[in-house]
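Chemist: What follows is the file data_22.txt, containing compact mmCIF, C-alpha atoms and all ligand atoms:
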```txt
# COMPACT_ATOMS: atom_id res chain seq x y z
CA MET A 748 6.26 -25.57 -18.21
CA ALA A 749 10.04 -26.02 -17.91
CA MET A 750 10.41 -24.65 -21.44
CA GLN A 751 8.47 -21.53 -20.53
CA ALA A 752 10.54 -20.86 -17.45
CA SER A 753 13.82 -21.17 -19.30
CA THR A 754 12.61 -18.91 -22.11
CA THR A 755 11.70 -16.27 -19.55
CA ARG A 756 15.04 -16.61 -17.83
CA ARG A 757 16.87 -16.18 -21.12
CA GLY A 758 14.79 -13.15 -21.92
CA LEU A 759 16.27 -11.49 -18.87
CA LEU A 760 19.77 -11.48 -20.31
CA ALA A 761 20.09 -10.10 -23.82
CA GLY A 762 21.95 -12.13 -26.45
CA GLY A 763 22.76 -15.72 -27.25
CA ALA A 764 25.98 -15.67 -25.24
CA ALA A 765 23.99 -15.31 -22.08
CA ALA A 766 21.76 -18.20 -23.06
CA ALA A 767 24.84 -20.32 -23.70
CA VAL A 768 26.18 -19.46 -20.25
CA ALA A 769 22.85 -20.39 -18.70
CA GLY A 770 22.78 -23.66 -20.62
CA ALA A 771 26.30 -24.54 -19.50
CA ALA A 772 25.48 -23.76 -15.87
CA LEU A 773 22.40 -25.94 -16.08
CA GLY A 774 24.45 -28.82 -17.50
CA THR A 775 26.95 -28.53 -14.63
CA ALA A 776 24.17 -28.50 -12.06
CA ARG A 777 22.54 -31.60 -13.57
CA ARG A 778 25.81 -33.50 -13.72
CA SER A 779 26.75 -32.76 -10.13
CA ALA A 780 23.26 -33.70 -8.99
CA ALA A 781 23.55 -37.00 -10.84
CA GLN A 782 26.91 -37.63 -9.14
CA ARG A 783 25.26 -37.16 -5.75
CA GLY A 784 22.53 -39.53 -6.77
CA GLY A 785 19.66 -37.26 -5.65
CA GLY A 786 17.56 -34.80 -7.63
CA GLU A 787 19.10 -31.52 -8.67
CA ALA A 788 19.91 -29.32 -5.66
CA VAL A 789 17.54 -26.44 -5.04
CA ARG A 790 19.54 -23.24 -5.28
CA ILE A 791 18.62 -20.26 -3.16
CA GLY A 792 20.08 -16.89 -4.10
CA LEU A 793 20.62 -14.94 -0.89
CA ILE A 794 21.29 -11.28 -1.69
CA LEU A 795 22.43 -9.26 1.32
CA PRO A 796 24.60 -6.33 2.34
CA MET A 797 27.68 -8.27 3.47
CA THR A 798 29.93 -5.19 3.32
CA GLY A 799 29.26 -1.46 3.72
CA PRO A 800 27.27 0.46 6.32
CA PHE A 801 24.55 -2.22 6.67
CA ALA A 802 26.82 -5.26 6.79
CA SER A 803 25.48 -6.20 10.23
CA THR A 804 22.11 -6.93 8.61
CA GLY A 805 23.72 -9.25 6.07
CA ARG A 806 25.71 -11.00 8.76
CA GLN A 807 22.63 -11.47 10.95
CA VAL A 808 20.41 -12.83 8.18
CA GLU A 809 23.03 -15.17 6.70
CA ALA A 810 23.93 -16.61 10.12
CA ALA A 811 20.24 -17.26 10.86
CA VAL A 812 19.65 -19.00 7.53
CA ARG A 813 22.68 -21.21 8.15
CA ALA A 814 21.51 -21.83 11.72
CA TYR A 815 18.14 -22.99 10.36
CA LEU A 816 19.83 -25.46 8.02
CA GLY A 817 22.12 -26.59 10.84
CA ALA A 818 19.14 -27.33 13.06
CA ASN A 819 16.75 -28.78 10.46
CA GLY A 820 18.97 -30.47 7.90
CA GLU A 821 19.46 -29.31 4.32
CA THR A 822 17.00 -31.57 2.52
CA PHE A 823 13.37 -30.55 2.02
CA GLY A 824 10.83 -32.08 -0.37
CA GLY A 825 13.44 -34.65 -1.38
CA ARG A 826 16.02 -32.09 -2.49
CA ARG A 827 19.10 -30.69 -0.86
CA VAL A 828 19.22 -26.90 -0.80
CA GLU A 829 22.29 -24.95 -1.79
CA LEU A 830 22.84 -21.34 -0.70
CA LEU A 831 24.42 -18.85 -3.06
CA VAL A 832 25.25 -15.74 -1.01
CA ARG A 833 25.84 -12.48 -2.89
CA ASP A 834 26.93 -9.14 -1.43
CA ASP A 835 25.06 -6.14 -2.83
CA THR A 836 26.90 -3.66 -0.52
CA GLY A 837 23.59 -2.35 0.86
CA VAL A 838 23.59 0.96 -0.94
CA ALA A 839 23.35 0.25 -4.66
CA PRO A 840 20.01 -0.95 -6.07
CA ASP A 841 21.56 -1.44 -9.51
CA ILE A 842 23.95 -4.02 -8.02
CA THR A 843 21.08 -5.86 -6.30
CA ARG A 844 19.17 -5.94 -9.56
CA ARG A 845 22.16 -7.25 -11.51
CA LEU A 846 22.86 -9.93 -8.89
CA ALA A 847 19.23 -11.05 -8.93
CA GLN A 848 19.34 -11.29 -12.69
CA GLU A 849 22.57 -13.31 -12.70
CA LEU A 850 21.31 -15.64 -10.00
CA VAL A 851 18.13 -16.34 -11.92
CA VAL A 852 19.65 -16.69 -15.37
CA ARG A 853 23.09 -18.21 -14.82
CA GLU A 854 22.66 -20.00 -11.51
CA ARG A 855 19.05 -20.93 -12.04
CA VAL A 856 18.11 -20.25 -8.44
CA ARG A 857 14.63 -21.40 -7.47
CA PHE A 858 14.25 -18.73 -4.78
CA LEU A 859 15.54 -15.22 -4.34
CA ALA A 860 15.90 -14.22 -0.70
CA GLY A 861 17.43 -11.73 1.73
CA PHE A 862 17.10 -8.02 0.80
CA GLY A 863 18.48 -5.82 3.54
CA LEU A 864 16.97 -2.46 2.64
CA THR A 865 13.85 -1.30 0.88
CA PRO A 866 15.42 0.24 -2.25
CA LEU A 867 17.25 -3.05 -2.83
CA ALA A 868 14.11 -5.17 -2.51
CA LEU A 869 12.27 -2.84 -4.89
CA ALA A 870 15.08 -3.12 -7.44
CA ALA A 871 14.89 -6.92 -7.51
CA ALA A 872 11.09 -7.19 -7.61
CA PRO A 873 10.69 -7.02 -11.43
CA ILE A 874 13.23 -9.83 -11.85
CA ALA A 875 11.19 -12.12 -9.59
CA THR A 876 8.04 -11.31 -11.57
CA GLU A 877 9.61 -11.87 -14.95
CA ALA A 878 11.33 -15.12 -13.97
CA LYS A 879 8.38 -16.38 -11.86
CA VAL A 880 10.78 -17.00 -8.98
CA PRO A 881 9.49 -16.62 -5.39
CA MET A 882 11.29 -13.79 -3.60
CA VAL A 883 11.42 -13.96 0.19
CA VAL A 884 12.04 -10.56 1.76
CA MET A 885 13.75 -11.32 5.08
CA ALA A 886 14.76 -7.82 6.21
CA ALA A 887 13.38 -4.81 4.31
CA ALA A 888 10.25 -3.32 5.88
CA THR A 889 8.48 -0.62 3.85
CA SER A 890 4.78 -1.44 3.40
CA ILE A 891 4.67 -1.25 -0.39
CA ILE A 892 7.33 -3.90 -1.05
CA VAL A 893 4.90 -6.83 -1.26
CA GLN A 894 2.85 -4.95 -3.85
CA ARG A 895 5.79 -4.68 -6.23
CA SER A 896 5.67 -8.31 -7.31
CA PRO A 897 3.13 -11.12 -6.93
CA TYR A 898 6.15 -13.38 -6.24
CA ILE A 899 7.21 -11.51 -3.09
CA LEU A 900 6.54 -12.92 0.38
CA ARG A 901 7.78 -11.19 3.53
CA THR A 902 9.07 -12.64 6.81
CA SER A 903 10.41 -9.41 8.36
CA PHE A 904 7.86 -6.76 9.38
CA THR A 905 6.51 -3.43 8.21
CA LEU A 906 7.26 -0.08 9.77
CA PRO A 907 3.58 0.91 10.13
CA GLN A 908 2.88 -2.49 11.74
CA ALA A 909 5.60 -1.86 14.34
CA THR A 910 4.85 1.85 14.77
CA VAL A 911 1.10 1.92 15.43
CA PRO A 912 1.42 0.09 18.79
CA ILE A 913 4.01 2.52 20.17
CA ALA A 914 1.89 5.51 19.06
CA ASP A 915 -1.03 3.99 20.97
CA TRP A 916 1.18 3.26 23.96
CA ALA A 917 2.47 6.85 24.06
CA ALA A 918 -1.05 8.29 23.90
CA ARG A 919 -2.23 5.94 26.65
CA ASN A 920 0.72 6.76 28.86
CA GLY A 921 0.25 10.46 29.25
CA ILE A 922 2.44 11.70 26.41
CA ARG A 923 0.58 14.60 24.77
CA ASN A 924 3.20 15.94 22.40
CA CYS A 925 5.92 13.94 20.72
CA ALA A 926 8.46 14.95 18.05
CA THR A 927 9.57 12.46 15.40
CA LEU A 928 13.02 11.80 13.93
CA VAL A 929 13.36 9.26 11.13
CA SER A 930 15.86 8.21 8.48
CA ASP A 931 14.98 10.02 5.30
CA TYR A 932 13.95 7.14 3.06
CA ALA A 933 10.93 4.92 2.49
CA PRO A 934 10.71 3.01 5.81
CA GLY A 935 11.39 6.22 7.77
CA LEU A 936 8.59 7.99 5.93
CA ASP A 937 6.30 5.01 6.60
CA ALA A 938 7.12 5.25 10.33
CA GLU A 939 6.71 9.02 10.43
CA ARG A 940 3.30 8.89 8.75
CA ALA A 941 2.01 5.96 10.82
CA PHE A 942 3.12 7.55 14.08
CA LYS A 943 1.59 10.93 13.32
CA GLU A 944 -1.73 9.55 12.05
CA ARG A 945 -2.23 7.27 15.01
CA PHE A 946 -0.90 9.59 17.72
CA THR A 947 -2.90 12.64 16.57
CA ALA A 948 -6.03 10.49 16.15
CA ALA A 949 -5.65 9.70 19.85
CA GLY A 950 -5.45 13.41 20.67
CA GLY A 951 -1.65 13.81 20.67
CA ARG A 952 0.34 16.50 18.89
CA VAL A 953 3.49 16.17 16.77
CA PRO A 954 5.24 19.56 17.04
CA LEU A 955 8.34 18.65 15.04
CA GLU A 956 9.01 16.11 12.26
CA LEU A 957 12.69 15.67 11.44
CA ARG A 958 14.40 13.52 8.81
CA ALA A 959 18.09 12.63 8.99
CA PRO A 960 19.99 11.41 5.92
CA LEU A 961 20.23 7.64 5.56
CA ARG A 962 23.93 7.64 4.83
CA ASN A 963 26.49 8.94 7.33
CA PRO A 964 23.88 10.65 9.45
CA ASP A 965 24.94 13.22 12.02
CA PHE A 966 22.10 13.17 14.53
CA ALA A 967 23.50 16.00 16.66
CA PRO A 968 21.89 18.99 14.89
CA PHE A 969 18.50 17.24 14.77
CA LEU A 970 18.63 16.35 18.44
CA GLN A 971 19.62 19.90 19.29
CA ARG A 972 16.44 21.10 17.59
CA VAL A 973 14.41 18.61 19.58
CA HIS A 974 16.12 19.80 22.76
CA ASP A 975 15.18 23.39 21.96
CA ALA A 976 11.56 22.50 21.13
CA LYS A 977 11.18 20.56 24.42
CA PRO A 978 8.47 18.06 23.48
CA GLU A 979 7.44 15.54 26.14
CA ALA A 980 8.86 12.71 24.04
CA LEU A 981 10.79 11.89 20.88
CA PHE A 982 9.95 8.99 18.56
CA ILE A 983 12.91 7.67 16.54
CA PHE A 984 13.20 5.27 13.62
CA VAL A 985 16.69 4.54 12.32
CA PRO A 986 17.65 1.37 10.44
CA SER A 987 19.35 -1.55 12.13
CA GLY A 988 22.92 -0.66 13.07
CA GLU A 989 22.38 3.09 13.49
CA GLY A 990 20.67 3.12 16.87
CA ALA A 991 23.87 3.45 18.90
CA ALA A 992 24.84 6.74 17.25
CA ALA A 993 21.36 8.21 17.78
CA MET A 994 21.30 7.04 21.40
CA LYS A 995 24.74 8.53 22.10
CA GLN A 996 23.74 11.92 20.73
CA PHE A 997 20.45 11.83 22.63
CA ALA A 998 22.44 11.44 25.84
CA GLU A 999 25.21 13.89 24.95
CA ARG A 1000 22.80 16.67 23.94
CA GLY A 1001 21.18 16.41 27.37
CA LEU A 1002 17.71 15.47 26.13
CA ARG A 1003 17.26 12.99 28.91
CA GLU A 1004 18.12 15.55 31.61
CA ALA A 1005 15.69 17.91 29.88
CA GLY A 1006 12.99 15.34 30.66
CA ILE A 1007 12.33 14.31 27.07
CA ARG A 1008 11.31 10.64 26.90
CA LEU A 1009 12.72 8.48 24.13
CA ILE A 1010 10.51 5.99 22.29
CA GLY A 1011 10.76 4.28 18.93
CA THR A 1012 10.45 1.11 16.94
CA GLY A 1013 12.76 -1.69 18.04
CA ASP A 1014 15.17 -0.85 15.21
CA LEU A 1015 16.50 1.77 17.64
CA THR A 1016 17.33 -0.67 20.44
CA ASP A 1017 18.63 -3.32 18.03
CA ASP A 1018 19.75 -6.41 19.97
CA ASP A 1019 22.90 -6.66 17.85
CA ILE A 1020 24.32 -3.46 19.40
CA LEU A 1021 22.13 -2.83 22.43
CA ASN A 1022 24.80 -3.83 24.94
CA ASP A 1023 27.21 -1.23 23.56
CA MET A 1024 24.67 1.56 24.08
CA GLY A 1025 25.04 1.34 27.84
CA GLU A 1026 23.30 3.52 30.39
CA PRO A 1027 21.56 5.95 27.96
CA ALA A 1028 19.47 3.09 26.55
CA ILE A 1029 18.02 2.01 29.89
CA GLY A 1030 14.31 2.73 30.18
CA VAL A 1031 13.79 3.40 26.47
CA VAL A 1032 10.42 1.98 25.37
CA THR A 1033 10.00 0.57 21.88
CA SER A 1034 7.58 -1.63 19.95
CA HIS A 1035 8.72 -4.49 17.75
CA HIS A 1036 8.12 -8.07 16.68
CA TYR A 1037 11.24 -9.67 18.15
CA SER A 1038 13.41 -9.45 21.23
CA ALA A 1039 16.26 -11.86 21.91
CA ALA A 1040 14.85 -11.93 25.46
CA HIS A 1041 11.51 -13.36 24.24
CA ASP A 1042 10.59 -16.19 26.57
CA SER A 1043 9.56 -19.26 24.59
CA ALA A 1044 10.78 -22.75 23.73
CA GLU A 1045 11.01 -21.76 20.05
CA ASN A 1046 13.19 -18.79 20.87
CA ARG A 1047 15.47 -20.86 23.08
CA ALA A 1048 15.93 -23.35 20.23
CA PHE A 1049 16.63 -20.49 17.82
CA LEU A 1050 19.19 -18.92 20.16
CA ALA A 1051 20.96 -22.26 20.58
CA ALA A 1052 21.07 -22.94 16.82
CA TYR A 1053 22.27 -19.40 16.14
CA ARG A 1054 24.98 -19.65 18.78
CA ARG A 1055 26.43 -22.68 16.99
CA VAL A 1056 26.89 -20.57 13.84
CA ALA A 1057 27.75 -17.16 15.37
CA PRO A 1058 28.78 -17.65 19.00
CA ASP A 1059 29.75 -14.01 19.58
CA VAL A 1060 26.69 -12.31 18.11
CA ARG A 1061 23.30 -11.78 19.74
CA PRO A 1062 20.64 -12.40 17.07
CA ASN A 1063 18.40 -9.43 16.34
CA PHE A 1064 15.13 -8.90 14.47
CA MET A 1065 16.95 -9.27 11.15
CA ALA A 1066 18.13 -12.73 12.17
CA VAL A 1067 14.62 -13.89 13.02
CA GLY A 1068 13.46 -12.67 9.57
CA GLY A 1069 16.18 -14.84 8.02
CA TRP A 1070 15.32 -17.89 10.13
CA ASP A 1071 11.62 -17.64 9.33
CA GLY A 1072 12.34 -16.91 5.67
CA MET A 1073 14.34 -20.13 5.45
CA HIS A 1074 11.52 -21.96 7.24
CA LEU A 1075 9.03 -20.61 4.69
CA ILE A 1076 11.21 -21.86 1.82
CA ALA A 1077 11.67 -25.26 3.51
CA GLU A 1078 7.91 -25.65 4.03
CA GLY A 1079 7.24 -24.60 0.43
CA LEU A 1080 9.58 -27.34 -0.81
CA LYS A 1081 8.07 -29.93 1.54
CA ARG A 1082 4.52 -29.13 0.49
CA ALA A 1083 5.00 -28.60 -3.25
CA GLY A 1084 7.89 -31.05 -3.68
CA GLY A 1085 11.51 -30.26 -4.53
CA GLY A 1086 10.85 -30.27 -8.26
CA ALA A 1087 7.90 -27.87 -8.21
CA SER A 1088 7.64 -24.75 -10.38
CA GLY A 1089 7.96 -21.24 -8.98
CA ASP A 1090 4.20 -20.81 -9.14
CA GLN A 1091 3.60 -24.07 -7.29
CA LEU A 1092 6.13 -23.13 -4.60
CA LEU A 1093 4.56 -19.71 -4.24
CA ALA A 1094 1.09 -21.24 -3.84
CA ALA A 1095 2.44 -23.65 -1.21
CA MET A 1096 3.99 -20.83 0.81
CA LYS A 1097 1.02 -18.44 0.78
CA GLY A 1098 -1.13 -18.62 3.87
CA LEU A 1099 1.28 -20.66 6.02
CA SER A 1100 1.20 -20.17 9.80
CA TRP A 1101 3.75 -21.34 12.34
CA THR A 1102 5.27 -20.52 15.69
CA SER A 1103 8.36 -18.44 15.08
CA PRO A 1104 11.01 -17.62 17.72
CA ARG A 1105 9.13 -14.29 17.91
CA GLY A 1106 5.68 -15.89 18.48
CA PRO A 1107 2.81 -16.98 16.19
CA ILE A 1108 3.01 -15.69 12.60
CA THR A 1109 1.10 -16.06 9.34
CA ILE A 1110 2.02 -15.19 5.77
CA ASP A 1111 -1.30 -13.74 4.65
CA ALA A 1112 -2.48 -15.65 1.57
CA ASN A 1113 -3.72 -12.51 -0.18
CA THR A 1114 -1.15 -9.85 0.67
CA ARG A 1115 1.82 -12.26 1.09
CA ASP A 1116 2.80 -10.05 3.99
CA ILE A 1117 3.46 -11.12 7.56
CA VAL A 1118 0.87 -10.98 10.34
CA GLN A 1119 2.46 -11.13 13.78
CA ASP A 1120 2.32 -10.08 17.41
CA ILE A 1121 3.94 -6.75 18.25
CA TYR A 1122 5.41 -6.30 21.72
CA ILE A 1123 5.97 -3.22 23.82
CA ARG A 1124 9.39 -3.48 25.45
CA ARG A 1125 11.57 -1.57 27.86
CA VAL A 1126 15.36 -1.70 27.94
CA GLU A 1127 16.48 -3.17 31.25
CA ARG A 1128 19.72 -4.47 32.68
CA ARG A 1129 19.60 -8.15 33.63
CA ASP A 1130 22.68 -10.05 34.80
CA GLY A 1131 24.94 -7.26 33.60
CA GLN A 1132 23.52 -7.10 30.07
CA LEU A 1133 20.95 -4.90 28.37
CA TRP A 1134 17.81 -6.52 26.99
CA ASN A 1135 14.53 -5.45 25.42
CA ILE A 1136 12.12 -6.78 28.04
CA GLU A 1137 8.62 -7.34 26.64
CA PHE A 1138 5.82 -6.12 28.91
CA ASP A 1139 2.78 -5.87 26.62
CA ARG A 1140 1.65 -7.64 23.46
CA ILE A 1141 -0.72 -6.66 20.67
CA ALA A 1142 -1.86 -9.87 19.01
CA GLN A 1143 -1.72 -10.56 15.28
CA VAL A 1144 -1.08 -7.12 13.85
CA ARG A 1145 -1.26 -6.73 10.06
CA ASP A 1146 0.28 -3.98 8.05
CA PRO A 1147 -2.24 -1.17 8.68
CA GLY A 1148 -2.22 -0.25 4.99
CA THR A 1149 -3.51 -3.62 3.85
C1 LIG B 1 14.83 -1.22 6.56
C2 LIG B 1 13.86 -1.16 7.56
C3 LIG B 1 16.17 -1.45 6.91
C4 LIG B 1 14.24 -1.31 8.90
C5 LIG B 1 16.52 -1.60 8.25
O1 LIG B 1 17.79 -1.85 8.66
C6 LIG B 1 15.55 -1.52 9.23
C7 LIG B 1 14.46 -1.02 5.15
C8 LIG B 1 18.85 -2.02 7.74
O2 LIG B 1 13.35 -1.40 4.76
O3 LIG B 1 15.31 -0.46 4.41
O4 LIG B 1 15.92 -1.67 10.54
```
Mind converting the file's structure to structure tokens?

Modeler:
Amino acid sequence: MAMQASTTRRGLLAGGAAAAVAGAALGTARRSAAQRGGGEAVRIGLILPMTGPFASTGRQVEAAVRAYLGANGETFGGRRVELLVRDDTGVAPDITRRLAQELVVRERVRFLAGFGLTPLALAAAPIATEAKVPMVVMAAATSIIVQRSPYILRTSFTLPQATVPIADWAARNGIRNCATLVSDYAPGLDAERAFKERFTAAGGRVPLELRAPLRNPDFAPFLQRVHDAKPEALFIFVPSGEGAAAMKQFAERGLREAGIRLIGTGDLTDDDILNDMGEPAIGVVTSHHYSAAHDSAENRAFLAAYRRVAPDVRPNFMAVGGWDGMHLIAEGLKRAGGGASGDQLLAAMKGLSWTSPRGPITIDANTRDIVQDIYIRRVERRDGQLWNIEFDRIAQVRDPGT
């Protein structure tokens, strides 16, 4: 079993030199474990955008993983865990792939985790499959990701899962025609399709479907077109970190004065930057799986643990994906034992249910995707700060595609 795994790992890096490096790394790990007196530490390779345009996602996820370890200790299934954080810059799938490969072969990580954006998760998927290493997707949210490797489990969300409830809400609340504006890449296309299908099935009309570039988007020309078309509402999906720019342009182009209502997935009213959006954000209705304002004991514990690691940052939906992803890994180690194989860990993690800071969740045993409550929220000012205030809940939503 151990032989097989190491052969596979070596196969991932061509040449004997690589195998020698891997062997040396393994020797070092064993020696230091022996010095500590416990079993070998369980290494977790956390690949995130720590720099570049999506660095806030990396910062949120890493802080939450560290907060989890701060609150729950670092030993699970008899083994201490060790985090190896790698920055993939958020925009280069080839870097993510190379980092995943190095982590598996040289560092012998037992889990791959993180993955800020869909193209990055997709790039790493074949490495997880080949090395038989469980890969916990904590952030990326396109439906198809879990199908790209039987070793992938997801603790974030999917765009269709978050979008269907707001399409239903819009149709139920007297909106008859609604334009869409999404980031032009996989999760945006998922959101666009899910919104249109669901909203038109309920009798609504989508008069305009716009796609803004993922990188350095200028939302102004798109919002001008929406202004000119005068739909009753506009649905927006932009990735975490970009909502403030979209919100600013929405206000500056006078769409609000024109009576156009703004709705979206909660990526738009991202808790990380919501306070900076100010007045234009107030009243915006979104659907999502997590709000920092969620009222529960689990969320209060999460907020307190997070504050100890990142006192100046409000955790967002990316953070809760990191926290729950670390919980999933911890439970896998507890159930299968710290020395278990990748396949045994994977089996132990499939099908788990627990109460997350967001509410009750399950990692579906068959799809390995997350099943969770989706909330309808409205941005309100409370005690001088902006919050996504939940006012409706759709229980245990699965990705509509699966
Ligand atoms: C993705 C989806 C990324 C939703 C996001 O923020 C987000 C993705 C960086 O799958 O790429 O909010």

Chemist: Restricting the calculation to all atoms listed in the file: of A:Leu900, A:Ala886, A:Ala941, A:Ala914, which residue gets closest to Leu1099 (chain A)?

Modeler: A:Leu900

Chemist: Could you please extract the residues within 7 Å of ligand LIG 1 (chain B), counting only C-alpha atoms and all ligand atoms, and hand them back as a list in words?

Modeler: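 With only C-alpha atoms and all ligand atoms and a cut-off of 7 Å, ligand LIG 1 (chain B) is contacted by Phe801, Thr804, Gly863, Leu864, Thr865, Pro866, Ala886, Ala887, Ala888, Thr889, Pro934, Val985, Pro986, Ser987, Gly988 and Asp1014 of chain A.
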
Chemist: Restricting the calculation to only C-alpha atoms, which member of A:Ala1005, A:Val1144, A:Leu936, A:Leu846 is positioned closest to Pro960 (chain A)?

Modeler: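 Among A:Ala1005, A:Val1144, A:Leu936, A:Leu846, it is A:Leu936 that comes nearest to Pro960 (chain A).
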
Chemist: Kindly give the distance, in Å, that separates CA of Lys1097 (chain A) and CA of Ala1112 (chain A), rounded to a single decimal.

Modeler: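 One can read the CA of Lys1097 (chain A) to CA of Ala1112 (chain A) distance as 4.5 Å.
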
Chemist: In Å, how far is it from CA of Leu1092 (chain A) to CA of Ala1052 (chain A)?

Modeler: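 The value is 26.1 Å.
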
Chemist: Nearest to Thr910 (chain A) among A:Gly935, A:Pro897, A:Gly792, A:Gly825, with distances taken over all atoms listed in the file: which residue is it?

Modeler: A:Gly935

Chemist: Residues at most 8 Å from Phe946 (chain A), counting all atoms listed in the file, excluding those fewer than 3 positions away in the same chain, as a PyMOL selection string?

Modeler: chain A and resi 914-915+917-918+942-943+949-953

Chemist: Pick out the residues sitting within 12 Å of Arg1055 (chain A), and hand them over as a PDB file with C-alpha atoms, keeping the file's coordinate frame; count all atoms listed in the file, and ignore anything fewer than 6 positions along from it in its own chain.

Modeler:
```
ATOM      1  CA  ALA A 810      23.930 -16.610  10.120  1.00  0.00           C
ATOM      2  CA  ALA A 811      20.240 -17.260  10.860  1.00  0.00           C
ATOM      3  CA  ARG A 813      22.680 -21.210   8.150  1.00  0.00           C
ATOM      4  CA  ALA A 814      21.510 -21.830  11.720  1.00  0.00           C
ATOM      5  CA  TYR A 815      18.140 -22.990  10.360  1.00  0.00           C
ATOM      6  CA  LEU A 816      19.830 -25.460   8.020  1.00  0.00           C
ATOM      7  CA  GLY A 817      22.120 -26.590  10.840  1.00  0.00           C
ATOM      8  CA  ALA A 818      19.140 -27.330  13.060  1.00  0.00           C
ATOM      9  CA  ALA A1048      15.930 -23.350  20.230  1.00  0.00           C
ATOM     10  CA  PHE A1049      16.630 -20.490  17.820  1.00  0.00           C
ATOM     11  CA  ARG A1061      23.300 -11.780  19.740  1.00  0.00           C
ATOM     12  CA  PRO A1062      20.640 -12.400  17.070  1.00  0.00           C
TER      13      PRO A1062
END
```

Chemist: At what distance in Å, to one decimal, does CA of Ala976 (chain A) lie from CA of Leu906 (chain A)?

Modeler: 25.6 Å

Chemist: Pick from A:His1035, A:Asn819, A:Ile874, A:Asp1017: nearest to Arg845 (chain A), with only C-alpha atoms counted?

Modeler: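 Answer, going by the shortest atom-to-atom distance: A:Ile874.
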
Chemist: How close does each residue of region 877-947 of chain A get to region 1037-1041 of chain A, giving the shortest atom pair and distance in Å to one decimal for every residue with an atom at most 12 Å away, counting only C-alpha atoms, sorted by chain and residue number, as JSON lines?

Modeler:
```
{"residue": "A:Thr902", "atom": "CA", "partner": "A:Tyr1037", "partner_atom": "CA", "distance": 11.9}
{"residue": "A:Ser903", "atom": "CA", "partner": "A:Tyr1037", "partner_atom": "CA", "distance": 9.8}
{"residue": "A:Phe904", "atom": "CA", "partner": "A:Tyr1037", "partner_atom": "CA", "distance": 9.8}
{"residue": "A:Ala909", "atom": "CA", "partner": "A:Tyr1037", "partner_atom": "CA", "distance": 10.4}
```

Chemist: Find the spatial neighbours of Arg1008 (chain A), counting all atoms listed in the file, within a cut-off of 12 Å - ignore same-chain residues fewer than 3 positions away - and output them as JSON, numbers by chain.

Modeler: {"A": [917, 920, 921, 922, 923, 924, 925, 926, 927, 973, 974, 977, 978, 979, 980, 981, 982, 983, 994, 997, 998, 1001, 1002, 1003, 1004, 1005, 1011, 1027, 1028, 1029, 1030, 1031, 1032, 1033]}

Chemist: Counting all atoms listed in the file, what is within 10 Å of region 1120-1123 of chain A, bar same-chain residues fewer than 3 positions away, as a short mmCIF file (atom, residue, chain, number, x, y, z; two decimals) with C-alpha atoms, in the frame of the given file?

Modeler:
```cif
data_model
loop_
_atom_site.label_atom_id
_atom_site.label_comp_id
_atom_site.auth_asym_id
_atom_site.auth_seq_id
_atom_site.Cartn_x
_atom_site.Cartn_y
_atom_site.Cartn_z
CA PHE A 904 7.86 -6.76 9.38
CA GLN A 908 2.88 -2.49 11.74
CA ALA A 909 5.60 -1.86 14.34
CA THR A 910 4.85 1.85 14.77
CA VAL A 911 1.10 1.92 15.43
CA PRO A 912 1.42 0.09 18.79
CA ILE A 913 4.01 2.52 20.17
CA TRP A 916 1.18 3.26 23.96
CA THR A 1012 10.45 1.11 16.94
CA GLY A 1013 12.76 -1.69 18.04
CA VAL A 1032 10.42 1.98 25.37
CA THR A 1033 10.00 0.57 21.88
CA SER A 1034 7.58 -1.63 19.95
CA HIS A 1035 8.72 -4.49 17.75
CA HIS A 1036 8.12 -8.07 16.68
CA TYR A 1037 11.24 -9.67 18.15
CA SER A 1038 13.41 -9.45 21.23
CA HIS A 1041 11.51 -13.36 24.24
CA ARG A 1105 9.13 -14.29 17.91
CA GLY A 1106 5.68 -15.89 18.48
CA PRO A 1107 2.81 -16.98 16.19
CA ILE A 1108 3.01 -15.69 12.60
CA ILE A 1117 3.46 -11.12 7.56
CA ASN A 1135 14.53 -5.45 25.42
CA ILE A 1136 12.12 -6.78 28.04
CA GLU A 1137 8.62 -7.34 26.64
CA PHE A 1138 5.82 -6.12 28.91
CA ASP A 1139 2.78 -5.87 26.62
CA ARG A 1140 1.65 -7.64 23.46
CA ILE A 1141 -0.72 -6.66 20.67
CA ALA A 1142 -1.86 -9.87 19.01
CA GLN A 1143 -1.72 -10.56 15.28
CA VAL A 1144 -1.08 -7.12 13.85
CA ARG A 1145 -1.26 -6.73 10.06
#
```

Chemist: Leaving out Glu989 (chain A) and any residue of its chain fewer than 5 positions from it, which residues lie within 10 Å of it when counting all atoms listed in the file, given as a PDB file with C-alpha atoms, in the coordinates of the input?

Modeler:
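The resulting file, selection_22.pdb, is shown below:
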```pdb
ATOM      1  CA  PRO A 800      27.270   0.460   6.320  1.00  0.00           C
ATOM      2  CA  PHE A 801      24.550  -2.220   6.670  1.00  0.00           C
ATOM      3  CA  SER A 930      15.860   8.210   8.480  1.00  0.00           C
ATOM      4  CA  LEU A 961      20.230   7.640   5.560  1.00  0.00           C
ATOM      5  CA  ARG A 962      23.930   7.640   4.830  1.00  0.00           C
ATOM      6  CA  ASN A 963      26.490   8.940   7.330  1.00  0.00           C
ATOM      7  CA  PRO A 964      23.880  10.650   9.450  1.00  0.00           C
ATOM      8  CA  PHE A 984      13.200   5.270  13.620  1.00  0.00           C
ATOM      9  CA  MET A 994      21.300   7.040  21.400  1.00  0.00           C
ATOM     10  CA  ASP A1014      15.170  -0.850  15.210  1.00  0.00           C
ATOM     11  CA  LEU A1015      16.500   1.770  17.640  1.00  0.00           C
ATOM     12  CA  THR A1016      17.330  -0.670  20.440  1.00  0.00           C
ATOM     13  CA  ASP A1017      18.630  -3.320  18.030  1.00  0.00           C
ATOM     14  CA  ILE A1020      24.320  -3.460  19.400  1.00  0.00           C
TER      15      ILE A1020
END
```
